[in-house]
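This report concerns only the one structure given below.
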Protein chains: 2
Amino acid sequence: MDNKTLQVVPLGGLGEIGKNMTAVRQVGGIILVDAGLAFPDEEMPGIDLVLPDFSYLREHRDELRGIVLTHGHEDHVGALPYLLREFESVPVYGTRLTLGLVRPKLAEAGIKNAKLREVEAGDTTKIGSFGAEFINVNHSIPDAVAVSLRTNAGIVVFSGDYKVDFTPIEGEPMDLNRYAALGNEGVLAYFGDSTNSERPGYVPSERIVAETFDEVFEKAEGRIIVASFASHIHRVSQVVDAAKRHNRLVGVTGRSMIRNVQIARDLGYLDLPQAMYVDQRDVNRVPDSDIVVLTTGSQGEPLAALSRIAAGTHRTIEIGEGDVVVISAHPIPGNERGVSRTINNLMKRGAEVLYTPLRAVHVSGHAAQEEQKLVLSLLKPKFLVPVHGEFRMLKHHAETARSLGIPEENIFVLENGAGVEFDAAGEARRLEPVSSGAFLVDGGGVADASEAIMRERQQLSEEGMFIVIARVDARSGELHGTPDVISRGFMDPQSQNGLVDDSVGVVTKTLQRTAKRRVTDWGELKKEIRKDLAAFLSQKTRKRPIILPLIVEV
Amino acid sequence: MDNKTLQVVPLGGLGEIGKNMTAVRQVGGIILVDAGLAFPDEEMPGIDLVLPDFSYLREHRDELRGIVLTHGHEDHVGALPYLLREFESVPVYGTRLTLGLVRPKLAEAGIKNAKLREVEAGDTTKIGSFGAEFINVNHSIPDAVAVSLRTNAGIVVFSGDYKVDFTPIEGEPMDLNRYAALGNEGVLAYFGDSTNSERPGYVPSERIVAETFDEVFEKAEGRIIVASFASHIHRVSQVVDAAKRHNRLVGVTGRSMIRNVQIARDLGYLDLPQAMYVDQRDVNRVPDSDIVVLTTGSQGEPLAALSRIAAGTHRTIEIGEGDVVVISAHPIPGNERGVSRTINNLMKRGAEVLYTPLRAVHVSGHAAQEEQKLVLSLLKPKFLVPVHGEFRMLKHHAETARSLGIPEENIFVLENGAGVEFDAAGEARRLEPVSSGAFLVDGGGVADASEAIMRERQQLSEEGMFIVIARVDARSGELHGTPDVISRGFMDPQSQNGLVDDSVGVVTKTLQRTAKRRVTDWGELKKEIRKDLAAFLSQKTRKRPIILPLIVEV
């Protein structure tokens with residue numbers, strides 16, 4: 001790598017590409033943009049969260065100069081506690097709310113000496129050999145920024161998660177003027193959010209949700225419950241503002257909602273006076289018509305507060321005829337069934353339930369095609385790297401860029417781990433992929449649950465397990481007594497009928513056969529048992545359970 | 001039950017209510033409307049399909065007079081082979097295509113003496129003490145009908161799955177005149193399809209898909225691949241018609257697509273001359289620009305032909321730059337991720353992929369709100385029972401009906417198993433629920449996989465399994481040697497580190513403790529081992545695997 005070369009490598013993201021963590025590397029050091037986590041999909045049973053792969057960073061351990069955070073969402077900051085366990089001395093740059101959300105996470109993970117550097121939109125700072133600038137953008141959380149880096153190869157802009165909101169309910173509209181100035185100066189490459197690149201037109205302003213809330217609050221006679229992402233402080237603000245206008249107190253339930261409301265109040269991002277605040281234990285003391293309850297569970301997560309309210313298992317909050325529930329979020333792909341189940345359950349209890357697209361109770365936080373065109377037109381980047389999205393979305397972002405005249409060879413649709421290099425001649429090329437296998441976190445600790453374990457769990461869940469215990473003479477290889485057979489997740493004991501007896505018969509026959517050959521190699525015995533039993537079970541039941549033969553020496 | 005009483009009981013459907021099978025009962029017998037199956041959701045690992053509960057029918061075995069089928073989709077006819085195993089002598093009424101699709105299923109199940117009675121739209125027939133009439137409706141399969149029953153209590157109409165298409169690409173528009181005539185005569189109750197009751201307006205005609213197909217065929221230079229439901233004979237027809245207009249041959253892949261195309265050709269529902277037909281083995285012999293391939297896999301099912309083409313594992317068909325794939329279907333809730341994965345994979349191979357809502361390559365087969373209003377206005381039913389949909393959709397159908405002046409007390413939103421009774425006084429009331437637990441079919445046979453097994457499989461897949469084998473003296477209860485510990489789906493052997501050793505220590509300590517008390521009751525020993533080990537593993541890993549202690553007597 002020479003003095004003018006720049007390498008950018010997306011290291012995180014599961015289905016999405018270039019989302020959670022990106023390394024920017026030149027002579028003189030590496031900057032990380034974001035350090036977030038992903039959430040597991042249905043092919044990862046028992047997995048709690050998915051971290052980016054840190055191996056590239058471990059290889060270049062001495063080069064890491066700083067971590068810049070674009071905003072406080074989990075998919076951009078959630079890996080920080082795990083990352084700082086290994087890289088605690090690396091400074092972390094973020095805006096006030098972003099760091100405010102990060103601090104308790106680090107404390108919980110026992111990380112005490114993190115070097116948190118607060119910045120605000122408009123600031124510029126030196127990080128290693130890079131010049132970094134933070135630029136205000138609109139998103140579904142306050143204090144979100146884009147990051148522009150002055151590198152040896154030129155100016156590179158990372159959009160963060162953004163939309164263009166000319167009438168935000170808090171803070172300033174996105175700093176388009178700054179984008180225009182950078183565009184005039186000359187932008188080498190733009191790494192742009194592609195989440196909504198399949199959506200034509202503009203995403204509406206957050207302000208339209210206020211109008212729907214007013215209609216709902218005006219009409220409601222019973223309790224109002226609003227579910228949203230706990231991190232969506234703007235939406236929370238909107239609920240509080242509506243409560244003020246319509247003389248309702250504000251109850252809060254759900255662990256992350258309670259915590260985020262507290263952080264946002266402490267840092268001045270949420271104006272919720274103590275006199276209006278109702279602890280979840282006291283919700284029932286307030287007449288239904290005088291309260292709105294903020295809750296988690298907008299994604300139908302089975303253990304979240306709203307799901308418990310819907311199932312009738314919430315500790316304090318019940319729901320019934322005359323109450324209104326607003327689901328102020330859009331289901332993330334994969335969560336549709338859970339959300340639908342919650343809606344059904346709430347309706348069965350007699351509540352009215354309002355949700356998109358039937359009512360305008362939510363707007364997206366990500367730019368649609370016309371906003372993407374606006375940004376590309378202002379920045380006039382030489383190269384576009386569409387990021388934040390599945391391959392299909394990156395492709396659509398690329399198409400939008402081509403429609404504006406960016407030549408195809410200047411657009412790089414990447415995969416995670418496979419970066420791009422910009423050189424002194426102003427050219428760009430793909431890099432060889434580095435290790436970027438997602439790191440699955442299972443249970444409390446950081447246990448790397450491998451693909452083999454995932455496959456084993458899927459087989460267990462779909463086919464069940466069949467265990468055979470045989471007592472075998474260590475010297476002669478002869479079977480003593482009758483083998484025992486136990487199954488789990490396979491069939492109901494009642495419906496197994498003769499299957500267990502027949503299986504015992506199969507195993508007995510196998511062992512009689514091997515005893516004749518005086519086989520005393522337990523590995524070989526197990527292989528034979530597995531083979532015969534698998535053939536028998538597959539023929540009888542068309543299932544392929546995991547078969548586990550246990551040999552007990554006697 | 002007196003001579004004027006009528007009972008209607010929905011017996012099938014999983015998330016959806018009143019969908020797969022409904023019993024209509026009066027003095028003189030029972031008619032079943034449809035005998036379909038449901039597909040398992042993510043909480044039923046390893047389950048292949050879900051049958052309605054037949055127990056109500058077994059209880060009233062002697063009353064069953066006939067089964068009427070509204071159309072040939074799996075969720076309306078798929079349970080028939082299972083039902084007829086027990087009720088082979090009961091006559092089955094259906095239109096030509098419906099019975100055409102049913103016949104090979106019955107043959108495969110070895111049912112030889114089914115009494116299939118072909119009817120056509122407009123026919124009336126006597127079934128037991130009922131007068132049955134079949135009325136033409138539009139849907140995403142030809143030959144679909146609604147069923148009107150003249151009962152002792154009055155006229156009851158079952159909508160089947162329907163939409164109103166004034167310009168269908170095959171057959172006649174829905175017979176609104178017949179609905180109007182029934183409305184004038186007086187309809188007691190209407191059981192209406194609610195699938196699209198959350199959707200305002202009208203569903204567009206199937207004909208608009210032809211316009212998109214023409215644009216696509218006009219422009220495409222490489223191979224065109226169209227994925228749709230194999231049963232969607234109209235859509236298949238549209239592809240064949242477009243192929244004729246644009247001089248392409250038609251290849252067919254995917255087991256159910258090949259079968260349904262054959263049935264539709266044989267019965268005259270699809271005009272695909274042999275000269276245009278290309279077997280999947282011969283697709284590669286035709287130049288890319290001269291062929292369109294019809295395939296299954298529009299729902300992203302991992303083993304379907306399109307998924308295999310996308311993954312590069314299809315036996316004969318490859319895809320690449322210059323090819324166009326049309327996904328001519330909408331993902332059923334729960335299938336979004338699978339469909340998205342297929343789209344990403346196809347795009348990574350360089351294909352252009354067209355799908356809704358970005359392109360008009362699909363229209364729904366179910367009526368939206370304005371069509372529901374039209375039907376309710378023509379039929380003027382005294383009672384409405386919204387069916388076919390989750391609770392939320394039934395509620396919206398009910399709201400639409402209220403907006404037309406049907407009083408709330410005349411609308412019955414039911415749950416599966418909980419029917420409604422109409423009496424001589426023209427009144428209606430809810431019935432006590434009957435058994436309607438879905439019957440899960442696992443593997444090849446009909447094994448009733450119970451809820452307990454489902455829970456066990458989920459725990460296996462999320463937490464894994466931990467097996468302990470201890471050799472214990474039968475008389476003293478003392479441990480011989482060291483216990484063995486085996487895990488599956490729990491942790492990678494490498495990352496278990498000291499966990500296995502520590503677990504062996506825990507079990508050893510437990511058995512030393514019980515030996516002191518001279519416990520030789522294996523049940524009690526197992527309970528103690530399970531308790532101690534669960535506490536240890538949960539504390540160390542926060543996981544709760546299934547623990548299976550095995551005691552071997554020595």
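Ligands are numbered from 1 in the order shown, chains are lettered A, B, ... in the order of the structure tokens, and residues start at 1 in each chain.
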Please return as a PyMOL selection string: the residues of region 374-430 of chain B that backbone DSSP assigns to helix (DSSP H, G or I).
-> chain B and resi 374-379+391-403+408-410
Just the strand (DSSP E or B) stuff from region 161-254 of chain A, please, per backbone DSSP, written as number ranges by chain.
-> A: 163, 187-193, 224-227, 249-253
Produce a file of the selected residues containing N, CA, C and O atoms, as a compact mmCIF listing (two decimals), in the first residue's frame.
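The resulting out-v3.txt:
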```txt
# COMPACT_ATOMS: atom_id res chain seq x y z
N LYS A 163 -32.36 10.09 6.30
CA LYS A 163 -33.41 10.51 5.40
C LYS A 163 -33.31 12.03 5.33
O LYS A 163 -32.57 12.64 6.09
N VAL A 187 -15.72 14.93 -4.30
CA VAL A 187 -15.82 13.74 -3.45
C VAL A 187 -15.34 12.53 -4.23
O VAL A 187 -15.80 12.28 -5.34
N LEU A 188 -14.37 11.81 -3.65
CA LEU A 188 -13.86 10.61 -4.30
C LEU A 188 -14.90 9.50 -4.29
O LEU A 188 -15.22 8.93 -5.33
N ALA A 189 -15.43 9.21 -3.09
CA ALA A 189 -16.35 8.06 -2.99
C ALA A 189 -17.41 8.32 -1.94
O ALA A 189 -17.17 8.96 -0.92
N TYR A 190 -18.60 7.78 -2.24
CA TYR A 190 -19.73 7.93 -1.34
C TYR A 190 -20.23 6.54 -0.99
O TYR A 190 -20.52 5.72 -1.88
N PHE A 191 -20.32 6.25 0.30
CA PHE A 191 -20.86 4.99 0.80
C PHE A 191 -22.26 5.29 1.31
O PHE A 191 -22.43 5.85 2.39
N GLY A 192 -23.29 4.93 0.53
CA GLY A 192 -24.62 5.44 0.81
C GLY A 192 -25.64 4.39 1.24
O GLY A 192 -25.72 3.31 0.66
N ASP A 193 -26.44 4.75 2.22
CA ASP A 193 -27.55 3.95 2.77
C ASP A 193 -28.52 3.54 1.65
O ASP A 193 -29.09 4.38 0.97
N ILE A 224 -54.72 4.58 25.88
CA ILE A 224 -53.98 4.52 24.62
C ILE A 224 -52.64 3.86 24.91
O ILE A 224 -51.97 4.23 25.89
N ILE A 225 -52.26 2.91 24.11
CA ILE A 225 -50.94 2.28 24.24
C ILE A 225 -50.21 2.46 22.92
O ILE A 225 -50.78 2.17 21.86
N VAL A 226 -48.98 2.98 22.98
CA VAL A 226 -48.21 3.17 21.75
C VAL A 226 -46.94 2.33 21.84
O VAL A 226 -46.14 2.49 22.77
N ALA A 227 -46.75 1.45 20.87
CA ALA A 227 -45.53 0.64 20.81
C ALA A 227 -44.62 1.21 19.74
O ALA A 227 -45.07 1.51 18.64
N LEU A 249 -51.38 11.63 31.06
CA LEU A 249 -50.09 11.30 31.64
C LEU A 249 -49.42 10.23 30.77
O LEU A 249 -50.06 9.65 29.90
N VAL A 250 -48.14 9.99 31.03
CA VAL A 250 -47.38 9.04 30.20
C VAL A 250 -46.83 7.91 31.05
O VAL A 250 -45.96 8.13 31.90
N GLY A 251 -47.36 6.71 30.86
CA GLY A 251 -46.80 5.52 31.51
C GLY A 251 -45.75 4.90 30.61
O GLY A 251 -45.80 5.07 29.39
N VAL A 252 -44.78 4.21 31.19
CA VAL A 252 -43.72 3.60 30.39
C VAL A 252 -43.52 2.17 30.84
O VAL A 252 -43.40 1.89 32.03
N THR A 253 -43.47 1.23 29.88
CA THR A 253 -43.20 -0.17 30.22
C THR A 253 -42.27 -0.78 29.19
O THR A 253 -42.16 -0.29 28.06
```
Residue neighbourhood region 293-295 of chain A, 10 Å, only C-alpha atoms, exclusion window fewer than 5 positions, as a PyMOL selection string | chain A and resi 223-230+236+239-240+243+248-258+261+277-280+283+304-307+309+317+325-327
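Distance check against chain B using only C-alpha atoms: of A:Val434, A:Leu116, A:Ala35, A:Leu537, the minimum falls on A:Leu537.
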Exercise: Lys115 (chain B) partners within 10 Å, only C-alpha atoms, chain neighbours under 4 positions left out, as a list of chain:residue names |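 Near Lys115 (chain B), the qualifying residues are B:Gly66, B:Leu84, B:Glu88, B:Ser89, B:Val90, B:Pro91, B:Val92, B:Tyr93.
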For the residues in the current selection, export all heavy atoms as a compact mmCIF listing (two decimals), in the first residue's frame.
```txt
# COMPACT_ATOMS: atom_id res chain seq x y z
N GLY B 66 -72.11 -35.36 2.24
CA GLY B 66 -71.36 -34.96 1.05
C GLY B 66 -70.29 -33.93 1.38
O GLY B 66 -70.33 -33.29 2.43
N LEU B 84 -60.74 -39.09 3.15
CA LEU B 84 -61.42 -40.20 2.49
C LEU B 84 -60.92 -41.57 2.96
O LEU B 84 -61.59 -42.58 2.77
CB LEU B 84 -61.32 -40.07 0.97
CG LEU B 84 -62.10 -38.91 0.35
CD1 LEU B 84 -62.13 -39.03 -1.16
CD2 LEU B 84 -63.53 -38.80 0.90
N GLU B 88 -64.57 -42.95 2.83
CA GLU B 88 -64.45 -43.14 1.39
C GLU B 88 -65.78 -43.14 0.67
O GLU B 88 -65.88 -42.78 -0.50
CB GLU B 88 -63.66 -44.43 1.08
CG GLU B 88 -63.18 -44.47 -0.36
CD GLU B 88 -62.10 -45.54 -0.58
OE1 GLU B 88 -61.66 -46.16 0.39
OE2 GLU B 88 -61.72 -45.73 -1.75
N SER B 89 -66.85 -43.50 1.38
CA SER B 89 -68.14 -43.65 0.69
C SER B 89 -68.89 -42.33 0.56
O SER B 89 -69.95 -42.28 -0.08
CB SER B 89 -69.01 -44.64 1.46
OG SER B 89 -69.30 -44.10 2.73
N VAL B 90 -68.37 -41.25 1.13
CA VAL B 90 -69.09 -39.97 1.07
C VAL B 90 -68.83 -39.31 -0.28
O VAL B 90 -67.68 -39.16 -0.69
CB VAL B 90 -68.62 -39.04 2.21
CG1 VAL B 90 -69.30 -37.69 2.09
CG2 VAL B 90 -68.90 -39.68 3.55
N PRO B 91 -69.89 -38.90 -1.01
CA PRO B 91 -69.67 -38.29 -2.32
C PRO B 91 -69.00 -36.91 -2.23
O PRO B 91 -69.24 -36.16 -1.29
CB PRO B 91 -71.08 -38.17 -2.91
CG PRO B 91 -72.01 -38.30 -1.77
CD PRO B 91 -71.32 -39.08 -0.70
N VAL B 92 -68.15 -36.64 -3.22
CA VAL B 92 -67.40 -35.39 -3.28
C VAL B 92 -67.83 -34.62 -4.53
O VAL B 92 -67.74 -35.14 -5.64
CB VAL B 92 -65.89 -35.67 -3.35
CG1 VAL B 92 -65.10 -34.37 -3.45
CG2 VAL B 92 -65.44 -36.47 -2.13
N TYR B 93 -68.29 -33.37 -4.36
CA TYR B 93 -68.77 -32.56 -5.47
C TYR B 93 -67.74 -31.48 -5.81
O TYR B 93 -67.28 -30.75 -4.92
CB TYR B 93 -70.10 -31.88 -5.11
CG TYR B 93 -71.19 -32.88 -4.79
CD1 TYR B 93 -71.25 -33.47 -3.52
CD2 TYR B 93 -72.10 -33.26 -5.75
CE1 TYR B 93 -72.24 -34.41 -3.23
CE2 TYR B 93 -73.09 -34.20 -5.47
CZ TYR B 93 -73.16 -34.77 -4.20
OH TYR B 93 -74.12 -35.70 -3.92
```
For Glu390 (chain B), which residue out of A:Thr316, A:Gln539, A:Thr342, A:Thr356 is the nearest one, using only C-alpha atoms?
-> A:Thr342
For Pro10 (chain B), find every residue with an atom within 7 Å (counting only C-alpha atoms), except residues of its own chain fewer than 2 positions away, and show them as a tab-separated table (two decimals) with N, CA and C atoms, in the first residue's frame.
```tsv
chain	number	residue	atom	x	y	z
B	8	VAL	N	-73.36	-24.31	11.84
B	8	VAL	CA	-72.19	-24.22	10.96
B	8	VAL	C	-70.95	-24.14	11.83
B	12	GLY	N	-61.33	-26.30	10.28
B	12	GLY	CA	-59.93	-26.29	9.86
B	12	GLY	C	-59.36	-24.89	9.81
B	18	GLY	N	-61.83	-20.52	9.78
B	18	GLY	CA	-62.90	-20.94	8.87
B	18	GLY	C	-62.42	-21.12	7.45
B	21	MET	N	-61.95	-26.14	6.16
B	21	MET	CA	-63.02	-27.13	6.20
B	21	MET	C	-64.12	-26.64	7.13
B	22	THR	N	-65.36	-26.67	6.66
B	22	THR	CA	-66.47	-26.19	7.47
B	22	THR	C	-67.61	-27.20	7.41
B	23	ALA	N	-68.16	-27.52	8.58
B	23	ALA	CA	-69.28	-28.46	8.63
B	23	ALA	C	-70.59	-27.68	8.70
B	416	ASN	N	-61.77	-21.05	15.17
B	416	ASN	CA	-61.92	-22.41	14.67
B	416	ASN	C	-62.48	-23.33	15.76
B	417	GLY	N	-63.43	-24.15	15.40
B	417	GLY	CA	-64.06	-25.06	16.36
B	417	GLY	C	-65.30	-24.46	16.99
B	418	ALA	N	-65.38	-23.12	17.02
B	418	ALA	CA	-66.52	-22.47	17.67
B	418	ALA	C	-67.51	-22.02	16.60
B	419	GLY	N	-68.60	-22.73	16.48
B	419	GLY	CA	-69.54	-22.49	15.40
B	419	GLY	C	-70.67	-21.55	15.77
```
